[in-house]
Amino acid sequence: MISIVMKISLAVFMLIGGFIKIMRVPFQVEHWQHYQYPLWFLSVTGFLEIVGALGMIGGIWNRYFAVGSGVLFFILMIGAIHTHIFRAHQSVTMIIPASICLIVSIIIIIWESKVRF
């Protein structure tokens with residue numbers, strides 16, 4: 001049950017973030033410009049977040065989807081943490097959401113990768 005709650009929570013968070021990026025909500029565009037990334041990368045990142053969120057929802061029934069989405073989120077969150085710290089020179093508090101998503105992704109990857117008999 002806890003695994004399902006983690007998957008749904010992570011999927012909803014990433015789905016919202018993905019749509020904010022795809023829709024190019026003004027505050028997100030401002031952040032992206034501050035990060036000095038091209039705007040096309042905003043759309044690509046949003047698309048990957050949406051795909052990962054859908055995969056994580058599918059991971060409720062198929063653990064391979066959960067592991068794949070967990071790996072995708074792991075990579076995205078490492079990039080987000082790097083961006084906040086090194087590109088934007090923001091305070092450590094700005095990496096809290098990405099760090100939580102990173103930790104939850106790792107837990108899901110480990111939990112779903114266990115061999116079950």
# chains A, B, ... in the order shown; residues from 1 in each chain; ligands from 1

$ closest_atom_pairs --of "stretch 4-97 of chain A" --to "stretch 104-109 of chain A" --cutoff "10 Å" --atoms "only C-alpha atoms" --output "CSV"
residue,atom,partner,partner_atom,distance
A:Ile4,CA,A:Ile108,CA,9.6
A:Met6,CA,A:Val104,CA,7.0
A:Lys7,CA,A:Ile108,CA,7.5
A:Ser9,CA,A:Val104,CA,9.5
A:Leu10,CA,A:Val104,CA,7.4
A:Met56,CA,A:Ile108,CA,9.6
A:Gly59,CA,A:Ile108,CA,9.7
A:Arg63,CA,A:Ile109,CA,9.0
A:Tyr64,CA,A:Ile109,CA,9.3
A:Ala66,CA,A:Ile108,CA,7.1
A:Val67,CA,A:Ile109,CA,4.9
A:Gly68,CA,A:Ile109,CA,8.1
A:Ser69,CA,A:Ser105,CA,8.2
A:Gly70,CA,A:Ser105,CA,4.7
A:Val71,CA,A:Ile109,CA,7.1
A:Leu72,CA,A:Ser105,CA,8.8
A:Phe73,CA,A:Ser105,CA,6.4
A:Phe74,CA,A:Ser105,CA,6.0
A:Ile75,CA,A:Ser105,CA,9.7
A:Met77,CA,A:Ser105,CA,9.1

$ residues_around --residues "A:Leu54" --least-positions-apart "6" --cutoff "10 Å" --atoms "only C-alpha atoms" --output "JSON, numbers by chain"
{"A": [8, 11, 12, 14, 15, 48, 65, 66, 69]}

$ atom_distance --atom1 "atom CA of A:Ala80" --atom2 "atom CA of A:Ile2"
25.5 Å

$ atom_distance --atom1 "atom CA of A:Ile22" --atom2 "atom CA of A:Ile60"
24.9 Å

$ residues_around --residues "A:Ile95" --least-positions-apart "5" --cutoff "9 Å" --atoms "only C-alpha atoms" --output "list in words"
Ala80, Ile81, His82, His84, Ile85, Gln90 and Ile100 of chain A

$ residues_around --residues "A:Thr45" --least-positions-apart "5" --cutoff "9 Å" --atoms "only C-alpha atoms" --output "list in words"
Gly18, Lys21, Ile22, Trp40, Ile50 and Leu76 of chain A

$ select_by_dssp --residues "chain A" --states "helix (DSSP H, G or I)" --output "number ranges by chain"
A: 2-22, 26-35, 39-58, 63-87, 92-113

$ decode --residues "stretch 37-86 of chain A" --atoms "N, CA and C atoms" --output "PDB file, in the first residue's frame"
ATOM      1  N   TYR A  37      19.061  27.719 -19.940  1.00  0.00           N
ATOM      2  CA  TYR A  37      18.793  26.593 -20.831  1.00  0.00           C
ATOM      3  C   TYR A  37      17.915  27.098 -21.972  1.00  0.00           C
ATOM      4  N   PRO A  38      18.031  26.506 -23.167  1.00  0.00           N
ATOM      5  CA  PRO A  38      17.136  26.907 -24.261  1.00  0.00           C
ATOM      6  C   PRO A  38      15.695  26.495 -23.962  1.00  0.00           C
ATOM      7  N   LEU A  39      14.737  27.256 -24.483  1.00  0.00           N
ATOM      8  CA  LEU A  39      13.335  26.986 -24.183  1.00  0.00           C
ATOM      9  C   LEU A  39      12.844  25.651 -24.745  1.00  0.00           C
ATOM     10  N   TRP A  40      13.450  25.158 -25.824  1.00  0.00           N
ATOM     11  CA  TRP A  40      13.027  23.858 -26.343  1.00  0.00           C
ATOM     12  C   TRP A  40      13.292  22.766 -25.309  1.00  0.00           C
ATOM     13  N   PHE A  41      14.331  22.957 -24.485  1.00  0.00           N
ATOM     14  CA  PHE A  41      14.657  21.974 -23.457  1.00  0.00           C
ATOM     15  C   PHE A  41      13.595  21.951 -22.360  1.00  0.00           C
ATOM     16  N   LEU A  42      12.896  23.063 -22.175  1.00  0.00           N
ATOM     17  CA  LEU A  42      11.773  23.128 -21.238  1.00  0.00           C
ATOM     18  C   LEU A  42      10.672  22.169 -21.685  1.00  0.00           C
ATOM     19  N   SER A  43      10.366  22.202 -22.976  1.00  0.00           N
ATOM     20  CA  SER A  43       9.331  21.312 -23.516  1.00  0.00           C
ATOM     21  C   SER A  43       9.751  19.849 -23.449  1.00  0.00           C
ATOM     22  N   VAL A  44      10.998  19.577 -23.762  1.00  0.00           N
ATOM     23  CA  VAL A  44      11.503  18.199 -23.712  1.00  0.00           C
ATOM     24  C   VAL A  44      11.435  17.665 -22.280  1.00  0.00           C
ATOM     25  N   THR A  45      11.854  18.487 -21.331  1.00  0.00           N
ATOM     26  CA  THR A  45      11.816  18.073 -19.935  1.00  0.00           C
ATOM     27  C   THR A  45      10.380  17.833 -19.475  1.00  0.00           C
ATOM     28  N   GLY A  46       9.481  18.735 -19.855  1.00  0.00           N
ATOM     29  CA  GLY A  46       8.069  18.563 -19.512  1.00  0.00           C
ATOM     30  C   GLY A  46       7.491  17.286 -20.097  1.00  0.00           C
ATOM     31  N   PHE A  47       7.825  17.014 -21.349  1.00  0.00           N
ATOM     32  CA  PHE A  47       7.352  15.799 -22.005  1.00  0.00           C
ATOM     33  C   PHE A  47       7.868  14.559 -21.270  1.00  0.00           C
ATOM     34  N   LEU A  48       9.146  14.558 -20.908  1.00  0.00           N
ATOM     35  CA  LEU A  48       9.723  13.413 -20.195  1.00  0.00           C
ATOM     36  C   LEU A  48       9.069  13.233 -18.826  1.00  0.00           C
ATOM     37  N   GLU A  49       8.753  14.339 -18.158  1.00  0.00           N
ATOM     38  CA  GLU A  49       8.086  14.242 -16.859  1.00  0.00           C
ATOM     39  C   GLU A  49       6.686  13.644 -17.008  1.00  0.00           C
ATOM     40  N   ILE A  50       5.969  14.031 -18.052  1.00  0.00           N
ATOM     41  CA  ILE A  50       4.627  13.485 -18.282  1.00  0.00           C
ATOM     42  C   ILE A  50       4.700  11.999 -18.630  1.00  0.00           C
ATOM     43  N   VAL A  51       5.616  11.629 -19.509  1.00  0.00           N
ATOM     44  CA  VAL A  51       5.787  10.221 -19.872  1.00  0.00           C
ATOM     45  C   VAL A  51       6.155   9.399 -18.638  1.00  0.00           C
ATOM     46  N   GLY A  52       7.077   9.914 -17.833  1.00  0.00           N
ATOM     47  CA  GLY A  52       7.473   9.217 -16.617  1.00  0.00           C
ATOM     48  C   GLY A  52       6.322   9.067 -15.634  1.00  0.00           C
ATOM     49  N   ALA A  53       5.509  10.116 -15.511  1.00  0.00           N
ATOM     50  CA  ALA A  53       4.356  10.067 -14.599  1.00  0.00           C
ATOM     51  C   ALA A  53       3.359   9.007 -15.053  1.00  0.00           C
ATOM     52  N   LEU A  54       3.100   8.951 -16.348  1.00  0.00           N
ATOM     53  CA  LEU A  54       2.184   7.927 -16.867  1.00  0.00           C
ATOM     54  C   LEU A  54       2.757   6.528 -16.657  1.00  0.00           C
ATOM     55  N   GLY A  55       4.065   6.401 -16.857  1.00  0.00           N
ATOM     56  CA  GLY A  55       4.720   5.118 -16.605  1.00  0.00           C
ATOM     57  C   GLY A  55       4.662   4.724 -15.139  1.00  0.00           C
ATOM     58  N   MET A  56       4.806   5.711 -14.255  1.00  0.00           N
ATOM     59  CA  MET A  56       4.746   5.425 -12.823  1.00  0.00           C
ATOM     60  C   MET A  56       3.345   4.984 -12.419  1.00  0.00           C
ATOM     61  N   ILE A  57       2.330   5.584 -13.016  1.00  0.00           N
ATOM     62  CA  ILE A  57       0.962   5.139 -12.757  1.00  0.00           C
ATOM     63  C   ILE A  57       0.789   3.705 -13.264  1.00  0.00           C
ATOM     64  N   GLY A  58       1.321   3.435 -14.452  1.00  0.00           N
ATOM     65  CA  GLY A  58       1.301   2.061 -14.960  1.00  0.00           C
ATOM     66  C   GLY A  58       2.093   1.120 -14.081  1.00  0.00           C
ATOM     67  N   GLY A  59       3.070   1.667 -13.359  1.00  0.00           N
ATOM     68  CA  GLY A  59       3.893   0.874 -12.458  1.00  0.00           C
ATOM     69  C   GLY A  59       3.145   0.330 -11.256  1.00  0.00           C
ATOM     70  N   ILE A  60       1.940   0.827 -11.039  1.00  0.00           N
ATOM     71  CA  ILE A  60       1.107   0.263  -9.972  1.00  0.00           C
ATOM     72  C   ILE A  60       0.801  -1.201 -10.294  1.00  0.00           C
ATOM     73  N   TRP A  61       0.657  -1.504 -11.578  1.00  0.00           N
ATOM     74  CA  TRP A  61       0.320  -2.864 -12.016  1.00  0.00           C
ATOM     75  C   TRP A  61       1.496  -3.613 -12.622  1.00  0.00           C
ATOM     76  N   ASN A  62       2.500  -2.886 -13.107  1.00  0.00           N
ATOM     77  CA  ASN A  62       3.645  -3.514 -13.761  1.00  0.00           C
ATOM     78  C   ASN A  62       4.922  -2.909 -13.189  1.00  0.00           C
ATOM     79  N   ARG A  63       5.655  -3.694 -12.445  1.00  0.00           N
ATOM     80  CA  ARG A  63       6.829  -3.156 -11.755  1.00  0.00           C
ATOM     81  C   ARG A  63       7.916  -2.657 -12.706  1.00  0.00           C
ATOM     82  N   TYR A  64       7.952  -3.169 -13.921  1.00  0.00           N
ATOM     83  CA  TYR A  64       8.961  -2.713 -14.876  1.00  0.00           C
ATOM     84  C   TYR A  64       8.710  -1.256 -15.283  1.00  0.00           C
ATOM     85  N   PHE A  65       7.446  -0.885 -15.388  1.00  0.00           N
ATOM     86  CA  PHE A  65       7.115   0.524 -15.649  1.00  0.00           C
ATOM     87  C   PHE A  65       7.573   1.397 -14.491  1.00  0.00           C
ATOM     88  N   ALA A  66       7.367   0.907 -13.268  1.00  0.00           N
ATOM     89  CA  ALA A  66       7.768   1.674 -12.083  1.00  0.00           C
ATOM     90  C   ALA A  66       9.288   1.854 -12.044  1.00  0.00           C
ATOM     91  N   VAL A  67      10.019   0.797 -12.335  1.00  0.00           N
ATOM     92  CA  VAL A  67      11.482   0.883 -12.328  1.00  0.00           C
ATOM     93  C   VAL A  67      11.962   1.822 -13.433  1.00  0.00           C
ATOM     94  N   GLY A  68      11.419   1.680 -14.632  1.00  0.00           N
ATOM     95  CA  GLY A  68      11.816   2.544 -15.743  1.00  0.00           C
ATOM     96  C   GLY A  68      11.532   4.005 -15.457  1.00  0.00           C
ATOM     97  N   SER A  69      10.351   4.281 -14.942  1.00  0.00           N
ATOM     98  CA  SER A  69      10.004   5.660 -14.601  1.00  0.00           C
ATOM     99  C   SER A  69      10.857   6.166 -13.447  1.00  0.00           C
ATOM    100  N   GLY A  70      11.139   5.294 -12.497  1.00  0.00           N
ATOM    101  CA  GLY A  70      12.004   5.672 -11.383  1.00  0.00           C
ATOM    102  C   GLY A  70      13.395   6.064 -11.858  1.00  0.00           C
ATOM    103  N   VAL A  71      13.943   5.322 -12.800  1.00  0.00           N
ATOM    104  CA  VAL A  71      15.259   5.652 -13.361  1.00  0.00           C
ATOM    105  C   VAL A  71      15.191   6.985 -14.113  1.00  0.00           C
ATOM    106  N   LEU A  72      14.144   7.185 -14.901  1.00  0.00           N
ATOM    107  CA  LEU A  72      13.972   8.448 -15.616  1.00  0.00           C
ATOM    108  C   LEU A  72      13.905   9.607 -14.627  1.00  0.00           C
ATOM    109  N   PHE A  73      13.102   9.468 -13.571  1.00  0.00           N
ATOM    110  CA  PHE A  73      12.984  10.530 -12.573  1.00  0.00           C
ATOM    111  C   PHE A  73      14.294  10.749 -11.830  1.00  0.00           C
ATOM    112  N   PHE A  74      15.022   9.676 -11.572  1.00  0.00           N
ATOM    113  CA  PHE A  74      16.329   9.792 -10.932  1.00  0.00           C
ATOM    114  C   PHE A  74      17.235  10.703 -11.766  1.00  0.00           C
ATOM    115  N   ILE A  75      17.285  10.452 -13.058  1.00  0.00           N
ATOM    116  CA  ILE A  75      18.130  11.249 -13.958  1.00  0.00           C
ATOM    117  C   ILE A  75      17.640  12.700 -14.001  1.00  0.00           C
ATOM    118  N   LEU A  76      16.322  12.886 -14.128  1.00  0.00           N
ATOM    119  CA  LEU A  76      15.777  14.242 -14.175  1.00  0.00           C
ATOM    120  C   LEU A  76      16.045  15.001 -12.880  1.00  0.00           C
ATOM    121  N   MET A  77      15.926  14.335 -11.748  1.00  0.00           N
ATOM    122  CA  MET A  77      16.109  15.016 -10.463  1.00  0.00           C
ATOM    123  C   MET A  77      17.578  15.328 -10.187  1.00  0.00           C
ATOM    124  N   ILE A  78      18.485  14.476 -10.649  1.00  0.00           N
ATOM    125  CA  ILE A  78      19.913  14.812 -10.553  1.00  0.00           C
ATOM    126  C   ILE A  78      20.170  16.084 -11.368  1.00  0.00           C
ATOM    127  N   GLY A  79      19.564  16.159 -12.555  1.00  0.00           N
ATOM    128  CA  GLY A  79      19.703  17.359 -13.380  1.00  0.00           C
ATOM    129  C   GLY A  79      19.096  18.580 -12.712  1.00  0.00           C
ATOM    130  N   ALA A  80      17.944  18.405 -12.078  1.00  0.00           N
ATOM    131  CA  ALA A  80      17.289  19.530 -11.398  1.00  0.00           C
ATOM    132  C   ALA A  80      18.146  20.032 -10.239  1.00  0.00           C
ATOM    133  N   ILE A  81      18.677  19.122  -9.453  1.00  0.00           N
ATOM    134  CA  ILE A  81      19.522  19.513  -8.323  1.00  0.00           C
ATOM    135  C   ILE A  81      20.771  20.233  -8.822  1.00  0.00           C
ATOM    136  N   HIS A  82      21.380  19.688  -9.848  1.00  0.00           N
ATOM    137  CA  HIS A  82      22.559  20.336 -10.446  1.00  0.00           C
ATOM    138  C   HIS A  82      22.216  21.749 -10.922  1.00  0.00           C
ATOM    139  N   THR A  83      21.088  21.875 -11.584  1.00  0.00           N
ATOM    140  CA  THR A  83      20.676  23.174 -12.110  1.00  0.00           C
ATOM    141  C   THR A  83      20.478  24.196 -10.998  1.00  0.00           C
ATOM    142  N   HIS A  84      19.756  23.812  -9.958  1.00  0.00           N
ATOM    143  CA  HIS A  84      19.488  24.744  -8.861  1.00  0.00           C
ATOM    144  C   HIS A  84      20.768  25.173  -8.146  1.00  0.00           C
ATOM    145  N   ILE A  85      21.680  24.234  -7.943  1.00  0.00           N
ATOM    146  CA  ILE A  85      22.896  24.551  -7.187  1.00  0.00           C
ATOM    147  C   ILE A  85      23.947  25.235  -8.054  1.00  0.00           C
ATOM    148  N   PHE A  86      24.261  24.658  -9.202  1.00  0.00           N
ATOM    149  CA  PHE A  86      25.412  25.110  -9.968  1.00  0.00           C
ATOM    150  C   PHE A  86      25.093  26.117 -11.069  1.00  0.00           C
TER     151      PHE A  86
END
